[in-house]
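**Q** As input, take query38.cif (mmCIF, C-alpha atoms):
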```
data_work
#
loop_
_atom_site.label_atom_id
_atom_site.label_comp_id
_atom_site.auth_asym_id
_atom_site.auth_seq_id
_atom_site.Cartn_x
_atom_site.Cartn_y
_atom_site.Cartn_z
CA MET A 1 21.89 -46.08 0.35
CA ARG A 2 19.83 -43.41 2.13
CA ILE A 3 19.28 -42.53 5.79
CA ALA A 4 15.92 -44.08 6.63
CA SER A 5 15.51 -44.03 10.42
CA LEU A 6 17.10 -43.00 13.71
CA GLU A 7 16.29 -44.60 17.06
CA THR A 8 17.57 -43.87 20.54
CA PHE A 9 17.87 -46.20 23.55
CA ARG A 10 18.17 -45.26 27.21
CA GLN A 11 20.93 -47.29 28.82
CA ARG A 12 23.80 -46.93 31.25
CA VAL A 13 27.57 -47.45 31.39
CA GLY A 14 28.66 -48.07 34.96
CA ASP A 15 26.90 -45.48 37.10
CA ARG A 16 26.38 -43.01 34.25
CA PRO A 17 23.38 -42.68 31.93
CA ARG A 18 23.97 -43.18 28.24
CA ILE A 19 21.88 -42.63 25.12
CA LEU A 20 22.64 -45.12 22.35
CA VAL A 21 21.84 -44.31 18.72
CA ARG A 22 20.99 -46.62 15.83
CA ILE A 23 20.72 -45.24 12.32
CA THR A 24 19.30 -47.53 9.65
CA ALA A 25 19.78 -47.08 5.92
CA ASP A 26 17.07 -47.92 3.41
CA ASP A 27 18.78 -51.23 2.59
CA GLY A 28 18.68 -52.31 6.26
CA THR A 29 22.33 -51.56 7.12
CA THR A 30 22.64 -50.22 10.66
CA GLY A 31 25.17 -47.95 12.31
CA TRP A 32 25.68 -47.47 16.05
CA SER A 33 27.04 -44.82 18.39
CA GLU A 34 26.73 -43.54 21.94
CA VAL A 35 26.14 -39.97 23.10
CA TYR A 36 28.35 -38.10 25.53
CA ASN A 37 26.37 -37.40 28.69
CA HIS A 38 26.99 -33.70 29.17
CA GLY A 39 23.56 -33.34 30.75
CA PRO A 40 20.67 -32.63 30.61
CA ASP A 41 20.86 -36.15 29.21
CA LEU A 42 17.17 -36.57 28.41
CA ALA A 43 17.42 -33.61 26.03
CA TYR A 44 19.24 -35.81 23.53
CA PRO A 45 16.41 -38.01 22.14
CA PRO A 46 14.25 -35.08 20.98
CA LEU A 47 17.31 -33.21 19.73
CA LEU A 48 18.42 -36.23 17.71
CA ASP A 49 14.90 -36.65 16.34
CA TYR A 50 14.99 -33.02 15.23
CA LEU A 51 18.37 -33.40 13.51
CA PHE A 52 17.26 -36.65 11.87
CA GLU A 53 14.44 -34.84 10.08
CA GLN A 54 17.07 -32.57 8.52
CA VAL A 55 19.23 -35.40 7.19
CA LYS A 56 16.61 -38.05 6.39
CA GLY A 57 17.12 -39.27 2.84
CA MET A 58 20.75 -38.12 2.59
CA ASP A 59 23.47 -40.58 1.55
CA ALA A 60 24.25 -42.74 4.58
CA ARG A 61 27.73 -43.45 3.18
CA SER A 62 28.76 -39.77 3.34
CA PRO A 63 29.30 -38.95 7.01
CA SER A 64 31.53 -35.95 6.25
CA ARG A 65 28.88 -34.38 4.03
CA VAL A 66 26.15 -34.92 6.63
CA ASN A 67 28.45 -33.60 9.36
CA GLN A 68 29.15 -30.39 7.46
CA PHE A 69 25.47 -29.94 6.66
CA LEU A 70 24.48 -30.25 10.31
CA LEU A 71 27.16 -27.79 11.40
CA GLN A 72 25.91 -25.31 8.80
CA SER A 73 22.25 -25.86 9.63
CA CYS A 74 22.64 -23.77 12.79
CA ARG A 75 23.22 -20.02 12.51
CA PHE A 76 25.45 -19.96 15.59
CA PRO A 77 28.28 -22.35 16.58
CA GLN A 78 27.03 -25.56 18.10
CA GLY A 79 27.65 -26.07 21.80
CA ALA A 80 27.95 -29.11 24.02
CA LEU A 81 24.55 -30.70 23.34
CA GLY A 82 24.46 -29.91 19.63
CA LEU A 83 27.94 -31.21 18.91
CA ALA A 84 27.39 -34.36 20.97
CA ALA A 85 24.24 -35.10 18.95
CA ILE A 86 26.04 -34.38 15.68
CA ALA A 87 28.86 -36.65 16.81
CA ALA A 88 26.41 -39.48 17.45
CA ILE A 89 24.98 -39.15 13.93
CA ASP A 90 28.45 -38.84 12.41
CA LEU A 91 29.78 -41.95 14.16
CA ALA A 92 26.75 -44.08 13.28
CA LEU A 93 27.20 -43.08 9.62
CA TRP A 94 30.91 -43.98 9.64
CA ASP A 95 29.82 -47.42 10.87
CA ILE A 96 27.36 -47.70 7.97
CA ALA A 97 29.84 -46.39 5.40
CA ALA A 98 32.40 -49.03 6.34
CA LYS A 99 29.82 -51.82 6.46
CA ALA A 100 28.63 -50.79 3.00
CA VAL A 101 31.99 -51.81 1.52
CA GLY A 102 32.73 -54.58 4.05
CA VAL A 103 35.78 -53.08 5.74
CA PRO A 104 36.73 -51.74 9.18
CA VAL A 105 36.29 -47.98 9.55
CA TYR A 106 40.05 -47.43 9.78
CA ARG A 107 40.36 -48.65 6.17
CA LEU A 108 38.31 -45.62 5.10
CA LEU A 109 40.73 -43.37 7.02
CA GLY A 110 43.77 -44.47 5.01
CA GLY A 111 44.44 -47.78 6.68
CA ALA A 112 46.19 -48.72 9.90
CA VAL A 113 49.55 -47.22 10.80
CA ARG A 114 49.84 -49.47 13.89
CA ASP A 115 48.85 -53.03 14.74
CA ARG A 116 47.31 -52.33 18.14
CA VAL A 117 46.25 -49.40 20.34
CA ARG A 118 47.87 -48.72 23.70
CA VAL A 119 45.48 -47.87 26.56
CA TYR A 120 45.69 -46.60 30.11
CA ALA A 121 43.24 -47.42 32.88
CA GLY A 122 41.20 -44.51 34.17
CA LEU A 123 40.98 -44.82 37.97
CA TYR A 124 40.07 -41.15 38.68
CA SER A 125 40.81 -41.26 42.40
CA ALA A 126 43.81 -41.25 44.73
CA PRO A 127 43.57 -44.46 46.76
CA ASP A 128 45.96 -45.15 49.60
CA PRO A 129 49.13 -46.68 48.11
CA ALA A 130 48.41 -50.19 49.41
CA GLU A 131 44.89 -50.19 47.97
CA LEU A 132 46.20 -48.72 44.72
CA GLN A 133 48.77 -51.50 44.42
CA GLU A 134 46.01 -54.09 44.73
CA ARG A 135 43.92 -52.41 42.03
CA THR A 136 46.75 -51.84 39.58
CA ALA A 137 48.06 -55.38 40.10
CA ALA A 138 44.61 -56.81 39.35
CA LEU A 139 44.25 -54.68 36.21
CA HIS A 140 47.75 -55.63 35.09
CA GLU A 141 47.08 -59.32 35.62
CA ARG A 142 43.74 -59.23 33.78
CA PHE A 143 44.46 -56.74 30.98
CA GLY A 144 48.20 -56.07 31.01
CA PHE A 145 47.83 -52.38 31.91
CA THR A 146 51.09 -50.57 32.58
CA ALA A 147 49.64 -47.05 32.58
CA PHE A 148 47.03 -45.56 34.91
CA LYS A 149 45.35 -42.22 35.56
CA LEU A 150 44.80 -40.96 39.11
CA SER A 151 43.48 -37.85 40.82
CA PRO A 152 46.03 -35.39 42.22
CA TYR A 153 43.82 -34.57 45.19
CA ARG A 154 44.34 -36.37 48.47
CA ARG A 155 41.89 -33.95 50.12
CA ASP A 156 39.33 -31.38 48.95
CA PRO A 157 41.36 -28.66 47.15
CA ASN A 158 38.62 -26.13 47.90
CA ARG A 159 39.02 -26.43 51.67
CA VAL A 160 42.78 -26.27 52.30
CA ARG A 161 45.58 -24.07 51.08
CA SER A 162 46.90 -25.05 47.67
CA GLY A 163 50.49 -25.48 48.85
CA LEU A 164 49.38 -28.24 51.21
CA VAL A 165 47.56 -30.01 48.39
CA ALA A 166 50.71 -29.86 46.27
CA ASN A 167 52.99 -31.04 49.08
CA GLU A 168 50.76 -34.03 49.82
CA LEU A 169 50.60 -34.88 46.11
CA GLY A 170 54.39 -34.94 45.82
CA ALA A 171 54.75 -37.25 48.82
CA TYR A 172 51.90 -39.46 47.57
CA PHE A 173 53.35 -39.82 44.07
CA GLY A 174 56.67 -40.80 45.61
CA ARG A 175 54.97 -43.65 47.48
CA VAL A 176 53.08 -44.68 44.35
CA ARG A 177 56.33 -44.86 42.39
CA ALA A 178 58.07 -46.85 45.13
CA GLY A 179 55.29 -49.45 45.13
CA HIS A 180 55.18 -50.14 41.37
CA PRO A 181 57.55 -51.23 38.62
CA GLU A 182 59.62 -48.31 37.43
CA GLU A 183 58.47 -48.84 33.83
CA TRP A 184 54.81 -48.23 34.70
CA GLU A 185 53.32 -44.82 33.99
CA PHE A 186 50.95 -42.64 36.00
CA ALA A 187 48.99 -39.63 34.80
CA PHE A 188 47.08 -37.21 37.01
CA ASP A 189 43.77 -35.59 36.05
CA ALA A 190 43.08 -32.35 37.94
CA HIS A 191 39.65 -32.15 36.29
CA ALA A 192 39.69 -28.37 35.72
CA CYS A 193 38.95 -27.83 39.41
CA LEU A 194 41.55 -25.07 39.76
CA TRP A 195 41.04 -21.51 38.64
CA GLU A 196 44.42 -19.93 39.34
CA PRO A 197 47.32 -20.80 36.97
CA ARG A 198 49.74 -20.54 39.89
CA GLN A 199 48.07 -23.52 41.56
CA ALA A 200 48.51 -25.60 38.40
CA VAL A 201 52.23 -24.79 38.40
CA GLU A 202 52.44 -25.92 42.03
CA LEU A 203 50.85 -29.27 41.18
CA GLY A 204 53.24 -29.76 38.27
CA ALA A 205 56.25 -28.97 40.44
CA ALA A 206 55.11 -31.53 43.01
CA LEU A 207 54.77 -34.22 40.34
CA ALA A 208 57.96 -33.43 38.41
CA PRO A 209 60.51 -35.39 40.50
CA HIS A 210 58.70 -38.63 39.74
CA GLN A 211 58.02 -38.03 36.02
CA PRO A 212 54.28 -38.37 35.45
CA LEU A 213 52.91 -39.43 32.08
CA PHE A 214 51.09 -36.08 32.06
CA LEU A 215 49.18 -33.57 34.17
CA GLU A 216 45.69 -33.23 32.72
CA GLU A 217 43.44 -30.17 32.68
CA PRO A 218 44.71 -28.43 35.82
CA ILE A 219 42.79 -25.19 35.08
CA ARG A 220 39.61 -24.11 33.35
CA PRO A 221 39.78 -24.21 29.53
CA GLU A 222 38.24 -20.86 28.62
CA HIS A 223 41.27 -18.50 28.68
CA LEU A 224 43.76 -20.16 26.36
CA PRO A 225 46.68 -17.74 26.92
CA ALA A 226 46.84 -19.01 30.52
CA TRP A 227 47.68 -22.44 29.12
CA GLY A 228 50.69 -21.01 27.33
CA ARG A 229 51.84 -19.49 30.59
CA ILE A 230 51.57 -22.62 32.72
CA ARG A 231 53.14 -24.82 30.05
CA SER A 232 56.15 -22.50 29.95
CA GLU A 233 56.52 -22.90 33.73
CA LEU A 234 55.88 -26.64 34.01
CA ALA A 235 58.50 -29.38 33.99
CA VAL A 236 55.91 -32.10 33.25
CA PRO A 237 53.85 -32.81 30.11
CA LEU A 238 50.65 -30.74 30.06
CA ALA A 239 47.54 -32.35 28.58
CA THR A 240 44.11 -30.92 27.84
CA GLY A 241 41.26 -30.90 25.36
CA GLU A 242 38.21 -32.72 26.68
CA SER A 243 36.44 -29.38 27.25
CA LEU A 244 37.25 -27.96 23.81
CA TYR A 245 34.76 -28.37 20.99
CA SER A 246 36.14 -27.36 17.60
CA PRO A 247 39.26 -27.50 15.43
CA HIS A 248 39.43 -23.72 15.82
CA GLU A 249 39.70 -23.98 19.60
CA PHE A 250 42.46 -26.58 19.33
CA LEU A 251 44.26 -24.38 16.82
CA ALA A 252 44.06 -21.47 19.27
CA LEU A 253 45.35 -23.67 22.11
CA LEU A 254 48.30 -24.91 20.07
CA THR A 255 49.06 -21.46 18.66
CA ALA A 256 49.35 -20.33 22.29
CA GLN A 257 51.75 -23.28 22.85
CA GLY A 258 49.39 -24.39 25.60
CA ALA A 259 49.66 -28.19 25.50
CA ASP A 260 52.16 -31.01 25.10
CA ILE A 261 49.33 -33.52 24.52
CA VAL A 262 45.80 -32.84 23.25
CA GLN A 263 42.82 -34.88 24.42
CA PRO A 264 39.82 -34.30 22.17
CA ASP A 265 36.77 -36.47 22.78
CA ILE A 266 35.34 -38.03 19.63
CA CYS A 267 31.83 -37.86 21.14
CA VAL A 268 32.22 -34.18 22.07
CA VAL A 269 33.91 -32.50 19.11
CA GLY A 270 31.42 -33.61 16.45
CA GLY A 271 32.55 -37.15 15.67
CA MET A 272 35.25 -38.76 13.57
CA THR A 273 34.93 -36.12 10.86
CA GLN A 274 36.00 -33.33 13.20
CA LEU A 275 38.49 -35.38 15.22
CA LEU A 276 40.49 -36.06 12.07
CA LYS A 277 40.83 -32.31 11.50
CA ILE A 278 41.95 -31.76 15.09
CA ALA A 279 44.55 -34.52 14.82
CA ALA A 280 45.95 -32.96 11.64
CA ILE A 281 46.27 -29.57 13.36
CA ALA A 282 48.02 -31.19 16.33
CA ASP A 283 50.34 -33.13 14.03
CA ALA A 284 51.41 -29.89 12.34
CA HIS A 285 52.39 -28.58 15.79
CA TYR A 286 54.34 -31.76 16.74
CA VAL A 287 51.73 -32.59 19.38
CA PRO A 288 50.43 -36.13 20.04
CA VAL A 289 46.75 -37.00 20.54
CA ALA A 290 45.60 -39.00 23.57
CA PRO A 291 41.79 -39.06 23.19
CA HIS A 292 39.52 -38.46 26.16
CA ASN A 293 37.40 -41.61 26.47
CA PRO A 294 35.66 -42.31 29.79
CA LEU A 295 32.65 -43.73 27.94
CA GLY A 296 31.45 -47.18 26.88
CA PRO A 297 32.28 -49.81 24.27
CA LEU A 298 30.90 -47.95 21.25
CA ALA A 299 32.93 -44.82 21.98
CA THR A 300 35.97 -47.01 22.61
CA ALA A 301 35.44 -48.79 19.29
CA ALA A 302 35.30 -45.47 17.43
CA ASN A 303 38.50 -44.35 19.17
CA VAL A 304 40.26 -47.59 18.25
CA HIS A 305 39.67 -46.91 14.56
CA PHE A 306 40.84 -43.32 14.88
CA ALA A 307 43.94 -44.44 16.78
CA ALA A 308 44.68 -47.15 14.23
CA ALA A 309 44.91 -44.59 11.43
CA ALA A 310 46.30 -41.47 13.17
CA THR A 311 50.07 -41.10 12.93
CA ASN A 312 50.27 -38.83 15.99
CA PHE A 313 48.13 -40.98 18.29
CA ALA A 314 49.79 -41.62 21.67
CA ILE A 315 47.58 -43.52 24.12
CA LEU A 316 43.84 -44.02 24.74
CA GLU A 317 41.88 -43.63 27.95
CA TYR A 318 40.00 -46.82 28.85
CA LYS A 319 37.35 -47.33 31.54
CA PRO A 320 36.66 -51.05 32.09
CA ASP A 321 32.89 -50.94 32.68
CA GLU A 322 30.88 -53.96 31.55
CA VAL A 323 27.51 -53.44 29.86
CA SER A 324 24.68 -55.79 28.96
CA TRP A 325 24.23 -54.57 25.41
CA CYS A 326 27.70 -55.17 23.93
CA PRO A 327 28.76 -58.82 24.22
CA ASP A 328 32.12 -58.39 22.43
CA PRO A 329 33.74 -55.08 23.46
CA TYR A 330 37.35 -54.30 22.72
CA LEU A 331 39.24 -55.64 25.74
CA PRO A 332 42.90 -54.92 26.47
CA VAL A 333 45.50 -57.63 26.00
CA ASP A 334 49.00 -56.76 27.21
CA GLY A 335 47.81 -53.19 27.76
CA HIS A 336 46.66 -52.79 24.14
CA LEU A 337 43.48 -53.14 22.10
CA ASP A 338 43.95 -55.35 19.06
CA LEU A 339 42.47 -54.31 15.74
CA ARG A 340 39.75 -56.45 14.17
CA PRO A 341 40.60 -56.44 10.46
CA ASP A 342 38.03 -59.12 9.64
CA ARG A 343 35.07 -57.16 11.03
CA PRO A 344 33.39 -54.35 9.08
CA GLY A 345 32.35 -51.08 10.68
CA TRP A 346 33.29 -50.60 14.32
CA GLY A 347 33.88 -54.31 14.78
CA VAL A 348 31.50 -54.80 17.71
CA GLU A 349 28.05 -56.35 17.98
CA ILE A 350 25.06 -54.83 19.77
CA ASP A 351 22.61 -57.09 21.58
CA GLU A 352 19.33 -55.48 20.59
CA ASP A 353 17.37 -57.77 22.90
CA ALA A 354 19.23 -56.23 25.84
CA LEU A 355 18.17 -52.78 24.67
CA ARG A 356 14.52 -53.64 25.19
CA GLU A 357 15.09 -53.04 28.89
CA ASP A 358 15.32 -49.37 29.80
CA ASP A 359 18.43 -49.45 32.00
CA TRP A 360 18.51 -45.72 32.66
CA VAL A 361 20.08 -44.19 35.73
CA ARG A 362 19.87 -40.55 36.73
CA TRP A 363 23.17 -38.81 37.39
CA ASP A 364 23.64 -35.23 38.54
CA ARG A 365 26.97 -33.49 38.74
CA LYS A 366 27.92 -32.39 42.25
CA VAL A 367 28.94 -28.76 42.76
CA PRO A 368 31.36 -28.37 45.68
CA THR A 369 31.29 -25.49 48.13
CA ARG A 370 34.07 -23.59 49.88
CA PRO A 371 34.12 -22.89 53.62
CA ASP A 372 32.58 -19.45 52.99
CA GLY A 373 29.60 -21.01 51.22
CA SER A 374 30.56 -20.01 47.66
CA THR A 375 30.53 -22.66 44.95
CA ALA A 376 33.59 -24.06 43.20
CA TRP A 377 34.41 -25.87 39.96
CA MET A 378 34.22 -29.65 39.66
#
```
Could you express the structure from this file as structure tokens?
**A**
Amino acid sequence: MRIASLETFRQRVGDRPRILVRITADDGTTGWSEVYNHGPDLAYPPLLDYLFEQVKGMDARSPSRVNQFLLQSCRFPQGALGLAAIAAIDLALWDIAAKAVGVPVYRLLGGAVRDRVRVYAGLYSAPDPAELQERTAALHERFGFTAFKLSPYRRDPNRVRSGLVANELGAYFGRVRAGHPEEWEFAFDAHACLWEPRQAVELGAALAPHQPLFLEEPIRPEHLPAWGRIRSELAVPLATGESLYSPHEFLALLTAQGADIVQPDICVVGGMTQLLKIAAIADAHYVPVAPHNPLGPLATAANVHFAAAATNFAILEYKPDEVSWCPDPYLPVDGHLDLRPDRPGWGVEIDEDALREDDWVRWDRKVPTRPDGSTAWM
């Protein structure tokens, strides 16, 4: 069973552009994946075409071999675009490999260690408490969610003093807690907007009295020793990993004792092949994995199979965006995604007729400015 063709499709998930990938083996078996939209997003189709020419004719049932070959085909370490493209190829081949033997992907990973996968709803904002209660109640009624992720910023952190941001966050989280069942959990994603470790510690101190699920990525990821510092000063679980690319970077983070929870993205780090290595490193450090997953139904499907087989999996990010091209996505029931043991591969179908329509949308990341006119992180 050899790799015969690779095709890309321009689509969207919510308000974000998304490149979908279909790899076809010479016997007609297809494998699917979606590409992380780091941007420039339209660079992916030609990049994937280039990588396909390197792996055309290789065994489509050997994703790990192809993954290693693609990593070694570049003299220098792959960056964001290269690894995202490699991940797309890797994930499509895992789909084919499982379909070739008629089993779900998680069977190839050693089988399931859990019967279902817990998810939290990514909300990514800080609505007024009354509005938040309406949204969380609706999500709980429809999907059974009992865990949610919010923003810690009630105002622009680049335009007011950091202590005020922290004080408002503490008061806000208190109101959020008072308006929801005490068993429900709330995480806060600071989105690497801060640059000073001290500010991250202030946010953590504001959250601590009300016991957040975790504080995510409060500072930039580049200087890993800073993560060891802030974790030693925080009284809340510290989570990070979406901006890290390789097992070596996660090893460095964990050696620095810089995280309580790691959040690798399967579409960023190079696919299932590399995510399994990262999970093993985290497991050896007694650290759970809560994958970053703000993407669509194909990325969610891949994460479900990882989570089914990973002993140190904790909880999965879930963004409930509907798409035209996947009629049977994994949908939460009682706050969990059920496994699909009777379906080979990822366990989802792709409506190829829907892909005939180019549903592309342009999206550009906004760069905030400070009062003095300098730019800030977002």
**Q** Just want the 8 Å neighbourhood of segment 243-245 of chain A, counted on all atoms listed in the file, with same-chain residues fewer than 4 positions away dropped. Output as a list in words.
**A**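 That gives Gly79, Ala80, Leu83, Pro221, Glu249, Phe250, Pro264, Val268, Val269 and Gly270 of chain A.
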**Q** Hey, what comes out of the PyMOL selection byres ((chain A and resi 121) around 10) on this file? Could you write it as a PyMOL selection string?
**A** chain A and resi 119-120+122-124+136+139-140+143+145-150+186-187+294+316-320+332+335
**Q** How would you write as a list in words the residues that get within 12 Å of (21.0, -39.9, 1.8) in the file's frame, counting all atoms listed in the file?
**A**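 Every polymer residue passing the test: Met1, Arg2, Ile3, Ala4, Ser5, Ile23, Thr24, Ala25, Asp26, Asp27, Phe52, Glu53, Gln54, Val55, Lys56, Gly57, Met58, Asp59, Ala60, Arg61, Ser62, Pro63, Arg65, Val66, Phe69, Leu93, Ile96 and Ala97 of chain A.
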**Q** Nearest to Ala302 of chain A: which of A:Thr273, A:Ser324, A:Gln78, A:Thr240 is it, counting only C-alpha atoms?
**A** A:Thr273
**Q** Using only C-alpha atoms, give me every residue within 9 Å of (60.1, -40.5, 35.1) in file coordinates, as a compact mmCIF listing (two decimals) with C-alpha atoms, keeping the file's coordinate frame.
**A**
```
# COMPACT_ATOMS: atom_id res chain seq x y z
CA GLU A 182 59.62 -48.31 37.43
CA GLU A 183 58.47 -48.84 33.83
CA GLU A 185 53.32 -44.82 33.99
CA ALA A 208 57.96 -33.43 38.41
CA PRO A 209 60.51 -35.39 40.50
CA HIS A 210 58.70 -38.63 39.74
CA GLN A 211 58.02 -38.03 36.02
CA PRO A 212 54.28 -38.37 35.45
CA LEU A 213 52.91 -39.43 32.08
```
**Q** Give me the residues within 7 Å of Tyr153 of chain A as number ranges by chain, counting all atoms listed in the file and dropping any in the same chain fewer than 4 places off.
**A** A: 126, 157, 165, 169
**Q** Between atom CA of Glu349 of chain A and atom CA of Val333 of chain A, measure the distance and give it in Å to one decimal.
**A** 19.2 Å
**Q** For the atom pair atom CA of Arg154 of chain A and atom CA of Thr375 of chain A, what is the interatomic distance in Å to one decimal place?
**A**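 A separation of 19.8 Å between them.
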**Q** Can you turn the PyMOL selection byres ((chain A and resi 206) around 12) into a concrete residue list for this file, as JSON, numbers by chain?
**A** {"A": [152, 153, 162, 163, 164, 165, 166, 167, 168, 169, 170, 171, 172, 173, 174, 188, 199, 200, 201, 202, 203, 204, 205, 207, 208, 209, 210, 211, 212, 215, 234, 235, 236]}
**Q** Export C-alpha atoms of the chosen residues as a tab-separated table (two decimals), keeping the file's coordinate frame?
**A**
```tsv
chain	number	residue	atom	x	y	z
A	152	PRO	CA	46.03	-35.39	42.22
A	153	TYR	CA	43.82	-34.57	45.19
A	162	SER	CA	46.90	-25.05	47.67
A	163	GLY	CA	50.49	-25.48	48.85
A	164	LEU	CA	49.38	-28.24	51.21
A	165	VAL	CA	47.56	-30.01	48.39
A	166	ALA	CA	50.71	-29.86	46.27
A	167	ASN	CA	52.99	-31.04	49.08
A	168	GLU	CA	50.76	-34.03	49.82
A	169	LEU	CA	50.60	-34.88	46.11
A	170	GLY	CA	54.39	-34.94	45.82
A	171	ALA	CA	54.75	-37.25	48.82
A	172	TYR	CA	51.90	-39.46	47.57
A	173	PHE	CA	53.35	-39.82	44.07
A	174	GLY	CA	56.67	-40.80	45.61
A	188	PHE	CA	47.08	-37.21	37.01
A	199	GLN	CA	48.07	-23.52	41.56
A	200	ALA	CA	48.51	-25.60	38.40
A	201	VAL	CA	52.23	-24.79	38.40
A	202	GLU	CA	52.44	-25.92	42.03
A	203	LEU	CA	50.85	-29.27	41.18
A	204	GLY	CA	53.24	-29.76	38.27
A	205	ALA	CA	56.25	-28.97	40.44
A	207	LEU	CA	54.77	-34.22	40.34
A	208	ALA	CA	57.96	-33.43	38.41
A	209	PRO	CA	60.51	-35.39	40.50
A	210	HIS	CA	58.70	-38.63	39.74
A	211	GLN	CA	58.02	-38.03	36.02
A	212	PRO	CA	54.28	-38.37	35.45
A	215	LEU	CA	49.18	-33.57	34.17
A	234	LEU	CA	55.88	-26.64	34.01
A	235	ALA	CA	58.50	-29.38	33.99
A	236	VAL	CA	55.91	-32.10	33.25
```
**Q** Restricting the calculation to all atoms listed in the file, which member of A:Val262, A:Ala226, A:Ile219, A:Val117 is positioned closest to Asp334 of chain A?
**A**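 Among the listed residues, A:Val117 lies closest to Asp334 of chain A.
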**Q** What's around Gly39 of chain A at 10 Å? Count only C-alpha atoms, leave out sequence neighbours fewer than 2 positions away in its own chain, and write the answer as a list in words.
**A**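 My list of contacting residues is Pro17, Tyr36, Asn37, Asp41, Leu42, Ala43, Tyr44, Ala80, Leu81, Trp363, Asp364 and Arg365 of chain A.
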**Q** Keeping only C-alpha atoms, write the selected residues to a file as an mmCIF file, keeping the file's coordinate frame.
**A**
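Output file selection_14.cif follows:
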```
data_model
loop_
_atom_site.group_PDB
_atom_site.id
_atom_site.type_symbol
_atom_site.label_atom_id
_atom_site.label_comp_id
_atom_site.auth_asym_id
_atom_site.auth_seq_id
_atom_site.Cartn_x
_atom_site.Cartn_y
_atom_site.Cartn_z
ATOM 1 C CA PRO A 17 23.380 -42.680 31.930
ATOM 2 C CA TYR A 36 28.350 -38.100 25.530
ATOM 3 C CA ASN A 37 26.370 -37.400 28.690
ATOM 4 C CA ASP A 41 20.860 -36.150 29.210
ATOM 5 C CA LEU A 42 17.170 -36.570 28.410
ATOM 6 C CA ALA A 43 17.420 -33.610 26.030
ATOM 7 C CA TYR A 44 19.240 -35.810 23.530
ATOM 8 C CA ALA A 80 27.950 -29.110 24.020
ATOM 9 C CA LEU A 81 24.550 -30.700 23.340
ATOM 10 C CA TRP A 363 23.170 -38.810 37.390
ATOM 11 C CA ASP A 364 23.640 -35.230 38.540
ATOM 12 C CA ARG A 365 26.970 -33.490 38.740
#
```
**Q** Counting all atoms listed in the file, which residue out of A:Ala376, A:Ile19, A:Ala280, A:Ala87 sits closest to Arg220 of chain A?
**A**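 The answer is A:Ala376, which sits nearest to Arg220 of chain A.
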**Q** Could you tell me which of A:Gly110, A:Pro127, A:Pro104, A:Pro327 comes closest to Val304 of chain A if we count all atoms listed in the file?
**A** A:Pro104
**Q** Please compute the atom CA of Pro341 of chain A-atom CA of Arg116 of chain A distance, one decimal, in Å.
**A**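 For atom CA of Pro341 of chain A relative to atom CA of Arg116 of chain A, the distance reads 11.0 Å.
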**Q** Compile the contact shell of Arg231 of chain A as number ranges by chain: residues with an atom at most 7 Å away, counting all atoms listed in the file, same-chain residues fewer than 4 positions apart removed.
**A** A: 227, 238, 258-259
